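Asks: The structure is given below, and queries will be raised subsequently.
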Amino acid sequence: MKYQPEGTATMTVKAPDRFDVVFAALSDPTRRSIVRRLADGDATVLELAEPFPISLPAISRHLKVLEQAGLISRGRDGQRRPCKLRPEPLVEIAAWAEHTRAAWEERLDRLDAHLRRTRATDRTASPTKSEKP
């Protein structure tokens, strides 16, 4: 899904509300580690829990938060329930961030051009020391 910014006459760009859920899910270091691990490939809950000094129910709660944010999905493969990274929310956030970066870069370039023009105008309009009475 391509990110379509919402704008007003004041050029305010709003991120979709679902970004709040994704950012909240990624605010926890354990969940970020899980997402990093799943970027390497699917894993079971036991495989995901292995590096952490927390209980399986705690890992399951972290997985539930990630699943509700749309960052992972849990499948069924016989007795296994592998978790899989769903990159779509991250792609949307990256597109939003790039759009925002490009917009600010454009604004800063316009400001820089304006300041250059203003300085050039000030230099030509100001009398030099030798011209002062």
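Residue numbering restarts at 1 in every chain; chains get A, B, ... in the order shown in the structure tokens, and ligands count up from 1 in that same order.
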Which polymer residues have any atom within 6 Å of an atom of region 22-38 of chain A, counting only C-alpha atoms, with same-chain residues fewer than 6 positions away left out, as a list in words?
Replies: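 In the requested format, the answer is Leu66, Ala69 and Leu85 of chain A.
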Asks: Please dump the current selection as a PDB file, in the first residue's frame; keep N, CA and C atoms.
Replies:
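Resulting contents of again19.pdb:
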```pdb
ATOM      1  N   LEU A  66       2.919  -7.296  18.773  1.00  0.00           N
ATOM      2  CA  LEU A  66       3.448  -7.186  17.409  1.00  0.00           C
ATOM      3  C   LEU A  66       2.411  -7.618  16.372  1.00  0.00           C
ATOM      4  N   ALA A  69      -0.224  -4.976  15.932  1.00  0.00           N
ATOM      5  CA  ALA A  69       0.306  -3.842  15.163  1.00  0.00           C
ATOM      6  C   ALA A  69       0.485  -4.195  13.692  1.00  0.00           C
ATOM      7  N   LEU A  85       7.525 -12.262   9.849  1.00  0.00           N
ATOM      8  CA  LEU A  85       7.526 -10.805   9.772  1.00  0.00           C
ATOM      9  C   LEU A  85       6.621 -10.355   8.641  1.00  0.00           C
TER      10      LEU A  85
END
```
Asks: Run DSSP on the backbone and tell me which residues of chain A come out as strand (DSSP E); list them as a ChimeraX atom specification.
Replies: /A:72-74,83-85
Asks: Write out as a ChimeraX atom specification each polymer residue whose atoms come within 12 Å of region 42-44 of chain A, counting only C-alpha atoms; drop sequence neighbours fewer than 3 positions from it.
Replies: /A:34-39,47-50,56,59-60,63,72-77,79-86
Asks: Generate a file of the selected residues that holds N, CA and C atoms, formatted as an mmCIF file, in the first residue's frame.
Replies:
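Heads up, here's the output in again-v9.cif:
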```cif
data_model
loop_
_atom_site.group_PDB
_atom_site.id
_atom_site.type_symbol
_atom_site.label_atom_id
_atom_site.label_comp_id
_atom_site.auth_asym_id
_atom_site.auth_seq_id
_atom_site.Cartn_x
_atom_site.Cartn_y
_atom_site.Cartn_z
ATOM 1 N N ILE A 34 12.835 -9.044 18.527
ATOM 2 C CA ILE A 34 12.033 -10.086 17.882
ATOM 3 C C ILE A 34 11.844 -9.752 16.402
ATOM 4 N N VAL A 35 11.542 -8.508 16.112
ATOM 5 C CA VAL A 35 11.356 -8.093 14.713
ATOM 6 C C VAL A 35 12.664 -8.280 13.936
ATOM 7 N N ARG A 36 13.786 -7.884 14.545
ATOM 8 C CA ARG A 36 15.090 -8.092 13.884
ATOM 9 C C ARG A 36 15.333 -9.567 13.598
ATOM 10 N N ARG A 37 15.009 -10.414 14.571
ATOM 11 C CA ARG A 37 15.199 -11.862 14.397
ATOM 12 C C ARG A 37 14.325 -12.385 13.269
ATOM 13 N N LEU A 38 13.075 -11.942 13.218
ATOM 14 C CA LEU A 38 12.159 -12.415 12.180
ATOM 15 C C LEU A 38 12.534 -11.879 10.796
ATOM 16 N N ALA A 39 13.318 -10.824 10.742
ATOM 17 C CA ALA A 39 13.797 -10.330 9.443
ATOM 18 C C ALA A 39 14.713 -11.356 8.785
ATOM 19 N N GLU A 47 11.868 -20.590 19.653
ATOM 20 C CA GLU A 47 13.088 -20.044 19.042
ATOM 21 C C GLU A 47 13.227 -18.548 19.334
ATOM 22 N N LEU A 48 12.121 -17.849 19.313
ATOM 23 C CA LEU A 48 12.159 -16.410 19.596
ATOM 24 C C LEU A 48 12.450 -16.133 21.067
ATOM 25 N N ALA A 49 11.967 -17.008 21.939
ATOM 26 C CA ALA A 49 12.129 -16.812 23.384
ATOM 27 C C ALA A 49 13.542 -17.130 23.862
ATOM 28 N N GLU A 50 14.252 -17.971 23.122
ATOM 29 C CA GLU A 50 15.544 -18.483 23.565
ATOM 30 C C GLU A 50 16.530 -17.427 24.087
ATOM 31 N N LEU A 56 7.907 -17.687 28.808
ATOM 32 C CA LEU A 56 7.184 -17.876 27.548
ATOM 33 C C LEU A 56 5.891 -17.064 27.488
ATOM 34 N N ILE A 59 6.849 -13.614 26.450
ATOM 35 C CA ILE A 59 7.165 -13.574 25.011
ATOM 36 C C ILE A 59 5.871 -13.599 24.208
ATOM 37 N N SER A 60 4.919 -14.426 24.632
ATOM 38 C CA SER A 60 3.635 -14.503 23.931
ATOM 39 C C SER A 60 2.902 -13.162 23.962
ATOM 40 N N LEU A 63 4.545 -10.977 21.436
ATOM 41 C CA LEU A 63 4.128 -11.389 20.091
ATOM 42 C C LEU A 63 2.714 -10.910 19.783
ATOM 43 N N ILE A 72 3.721 -8.825 12.610
ATOM 44 C CA ILE A 72 3.986 -10.258 12.452
ATOM 45 C C ILE A 72 2.678 -10.986 12.224
ATOM 46 N N SER A 73 2.800 -12.172 11.710
ATOM 47 C CA SER A 73 1.642 -13.072 11.622
ATOM 48 C C SER A 73 2.097 -14.421 12.168
ATOM 49 N N ARG A 74 1.131 -15.167 12.668
ATOM 50 C CA ARG A 74 1.430 -16.506 13.186
ATOM 51 C C ARG A 74 0.669 -17.510 12.340
ATOM 52 N N GLY A 75 1.402 -18.468 11.840
ATOM 53 C CA GLY A 75 0.795 -19.493 10.998
ATOM 54 C C GLY A 75 0.706 -20.815 11.720
ATOM 55 N N ARG A 76 0.349 -21.841 10.963
ATOM 56 C CA ARG A 76 0.285 -23.175 11.526
ATOM 57 C C ARG A 76 0.951 -24.117 10.530
ATOM 58 N N ASP A 77 1.897 -24.869 11.041
ATOM 59 C CA ASP A 77 2.624 -25.831 10.212
ATOM 60 C C ASP A 77 2.702 -27.128 11.017
ATOM 61 N N GLN A 79 2.387 -29.165 14.028
ATOM 62 C CA GLN A 79 2.410 -28.816 15.449
ATOM 63 C C GLN A 79 3.073 -27.448 15.680
ATOM 64 N N ARG A 80 3.827 -26.989 14.716
ATOM 65 C CA ARG A 80 4.542 -25.715 14.863
ATOM 66 C C ARG A 80 3.622 -24.534 14.557
ATOM 67 N N ARG A 81 3.884 -23.437 15.240
ATOM 68 C CA ARG A 81 3.175 -22.187 14.943
ATOM 69 C C ARG A 81 4.232 -21.122 14.648
ATOM 70 N N PRO A 82 4.805 -21.155 13.441
ATOM 71 C CA PRO A 82 5.867 -20.202 13.134
ATOM 72 C C PRO A 82 5.343 -18.766 13.048
ATOM 73 N N CYS A 83 6.183 -17.849 13.501
ATOM 74 C CA CYS A 83 5.887 -16.418 13.391
ATOM 75 C C CYS A 83 6.617 -15.905 12.157
ATOM 76 N N LYS A 84 5.992 -14.973 11.482
ATOM 77 C CA LYS A 84 6.553 -14.437 10.244
ATOM 78 C C LYS A 84 6.466 -12.918 10.285
ATOM 79 N N LEU A 85 7.525 -12.262 9.849
ATOM 80 C CA LEU A 85 7.526 -10.805 9.772
ATOM 81 C C LEU A 85 6.621 -10.355 8.641
ATOM 82 N N ARG A 86 5.812 -9.355 8.907
ATOM 83 C CA ARG A 86 4.986 -8.713 7.883
ATOM 84 C C ARG A 86 5.559 -7.317 7.677
#
```
Asks: State, in Å with one decimal place, the distance from CA of Glu88 (chain A) to CA of Asp17 (chain A).
Replies: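 That distance, rounded to one decimal, is 15.0 Å.
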Asks: Got a sec to tell me which of region 1-130 of chain A DSSP assigns to alpha helix (DSSP H), as a PyMOL selection string?
Replies: chain A and resi 17-26+29-39+45-49+56-68+88-125
Asks: Quick one: write out the picked residues with C-alpha atoms as a PDB file, in the first residue's frame?
Replies:
```pdb
ATOM      1  CA  ASP A  17      -3.285   6.486  13.200  1.00  0.00           C
ATOM      2  CA  ARG A  18      -2.014   2.950  12.705  1.00  0.00           C
ATOM      3  CA  PHE A  19       1.529   4.332  12.782  1.00  0.00           C
ATOM      4  CA  ASP A  20       0.949   5.093  16.462  1.00  0.00           C
ATOM      5  CA  VAL A  21       0.266   1.412  17.082  1.00  0.00           C
ATOM      6  CA  VAL A  22       3.366   0.342  15.128  1.00  0.00           C
ATOM      7  CA  PHE A  23       5.633   2.855  16.865  1.00  0.00           C
ATOM      8  CA  ALA A  24       4.214   1.829  20.253  1.00  0.00           C
ATOM      9  CA  ALA A  25       4.899  -1.834  19.456  1.00  0.00           C
ATOM     10  CA  LEU A  26       8.457  -1.012  18.407  1.00  0.00           C
ATOM     11  CA  PRO A  29      13.562  -3.334  23.025  1.00  0.00           C
ATOM     12  CA  THR A  30      12.433  -6.967  23.317  1.00  0.00           C
ATOM     13  CA  ARG A  31       9.890  -6.501  20.544  1.00  0.00           C
ATOM     14  CA  ARG A  32      12.459  -4.727  18.351  1.00  0.00           C
ATOM     15  CA  SER A  33      14.809  -7.690  18.867  1.00  0.00           C
ATOM     16  CA  ILE A  34      12.033 -10.086  17.882  1.00  0.00           C
ATOM     17  CA  VAL A  35      11.356  -8.093  14.713  1.00  0.00           C
ATOM     18  CA  ARG A  36      15.090  -8.092  13.884  1.00  0.00           C
ATOM     19  CA  ARG A  37      15.199 -11.862  14.397  1.00  0.00           C
ATOM     20  CA  LEU A  38      12.159 -12.415  12.180  1.00  0.00           C
ATOM     21  CA  ALA A  39      13.797 -10.330   9.443  1.00  0.00           C
ATOM     22  CA  VAL A  45       7.804 -18.945  19.842  1.00  0.00           C
ATOM     23  CA  LEU A  46      10.425 -21.171  21.514  1.00  0.00           C
ATOM     24  CA  GLU A  47      13.088 -20.044  19.042  1.00  0.00           C
ATOM     25  CA  LEU A  48      12.159 -16.410  19.596  1.00  0.00           C
ATOM     26  CA  ALA A  49      12.129 -16.812  23.384  1.00  0.00           C
ATOM     27  CA  LEU A  56       7.184 -17.876  27.548  1.00  0.00           C
ATOM     28  CA  PRO A  57       3.932 -16.137  28.547  1.00  0.00           C
ATOM     29  CA  ALA A  58       5.806 -12.813  28.508  1.00  0.00           C
ATOM     30  CA  ILE A  59       7.165 -13.574  25.011  1.00  0.00           C
ATOM     31  CA  SER A  60       3.635 -14.503  23.931  1.00  0.00           C
ATOM     32  CA  ARG A  61       2.371 -11.134  25.165  1.00  0.00           C
ATOM     33  CA  HIS A  62       5.102  -9.378  23.163  1.00  0.00           C
ATOM     34  CA  LEU A  63       4.128 -11.389  20.091  1.00  0.00           C
ATOM     35  CA  LYS A  64       0.482 -10.461  20.580  1.00  0.00           C
ATOM     36  CA  VAL A  65       1.402  -6.743  20.596  1.00  0.00           C
ATOM     37  CA  LEU A  66       3.448  -7.186  17.409  1.00  0.00           C
ATOM     38  CA  GLU A  67       0.616  -9.131  15.795  1.00  0.00           C
ATOM     39  CA  GLN A  68      -1.970  -6.477  16.710  1.00  0.00           C
ATOM     40  CA  GLU A  88       4.106  -3.788   5.062  1.00  0.00           C
ATOM     41  CA  PRO A  89       3.764  -1.464   8.109  1.00  0.00           C
ATOM     42  CA  LEU A  90       7.518  -0.831   8.072  1.00  0.00           C
ATOM     43  CA  VAL A  91       7.400  -0.080   4.336  1.00  0.00           C
ATOM     44  CA  GLU A  92       4.547   2.391   4.921  1.00  0.00           C
ATOM     45  CA  ILE A  93       6.480   4.111   7.717  1.00  0.00           C
ATOM     46  CA  ALA A  94       9.592   4.288   5.536  1.00  0.00           C
ATOM     47  CA  ALA A  95       7.547   5.883   2.720  1.00  0.00           C
ATOM     48  CA  TRP A  96       6.024   8.382   5.158  1.00  0.00           C
ATOM     49  CA  ALA A  97       9.460   9.214   6.608  1.00  0.00           C
ATOM     50  CA  GLU A  98      10.924   9.667   3.114  1.00  0.00           C
ATOM     51  CA  HIS A  99       8.033  11.928   2.096  1.00  0.00           C
ATOM     52  CA  THR A 100       8.541  13.991   5.254  1.00  0.00           C
ATOM     53  CA  ARG A 101      12.321  14.153   4.732  1.00  0.00           C
ATOM     54  CA  ALA A 102      11.885  15.257   1.109  1.00  0.00           C
ATOM     55  CA  ALA A 103       9.344  17.919   2.092  1.00  0.00           C
ATOM     56  CA  TRP A 104      11.645  19.344   4.762  1.00  0.00           C
ATOM     57  CA  GLU A 105      14.629  19.222   2.432  1.00  0.00           C
ATOM     58  CA  GLU A 106      12.643  21.195  -0.146  1.00  0.00           C
ATOM     59  CA  ARG A 107      11.599  23.749   2.474  1.00  0.00           C
ATOM     60  CA  LEU A 108      15.163  24.146   3.727  1.00  0.00           C
ATOM     61  CA  ASP A 109      16.430  24.564   0.157  1.00  0.00           C
ATOM     62  CA  ARG A 110      13.852  27.334  -0.391  1.00  0.00           C
ATOM     63  CA  LEU A 111      14.897  28.985   2.887  1.00  0.00           C
ATOM     64  CA  ASP A 112      18.558  28.789   1.870  1.00  0.00           C
ATOM     65  CA  ALA A 113      17.780  30.380  -1.518  1.00  0.00           C
ATOM     66  CA  HIS A 114      15.755  33.122   0.183  1.00  0.00           C
ATOM     67  CA  LEU A 115      18.576  33.866   2.640  1.00  0.00           C
ATOM     68  CA  ARG A 116      21.119  34.011  -0.192  1.00  0.00           C
ATOM     69  CA  ARG A 117      18.915  36.474  -2.104  1.00  0.00           C
ATOM     70  CA  THR A 118      18.396  38.550   1.038  1.00  0.00           C
ATOM     71  CA  ARG A 119      22.139  38.693   1.751  1.00  0.00           C
ATOM     72  CA  ALA A 120      22.891  39.624  -1.860  1.00  0.00           C
ATOM     73  CA  THR A 121      20.251  42.374  -1.749  1.00  0.00           C
ATOM     74  CA  ASP A 122      21.601  43.679   1.575  1.00  0.00           C
ATOM     75  CA  ARG A 123      25.138  43.871   0.165  1.00  0.00           C
ATOM     76  CA  THR A 124      24.067  45.846  -2.896  1.00  0.00           C
ATOM     77  CA  ALA A 125      21.704  48.132  -0.958  1.00  0.00           C
TER      78      ALA A 125
END
```
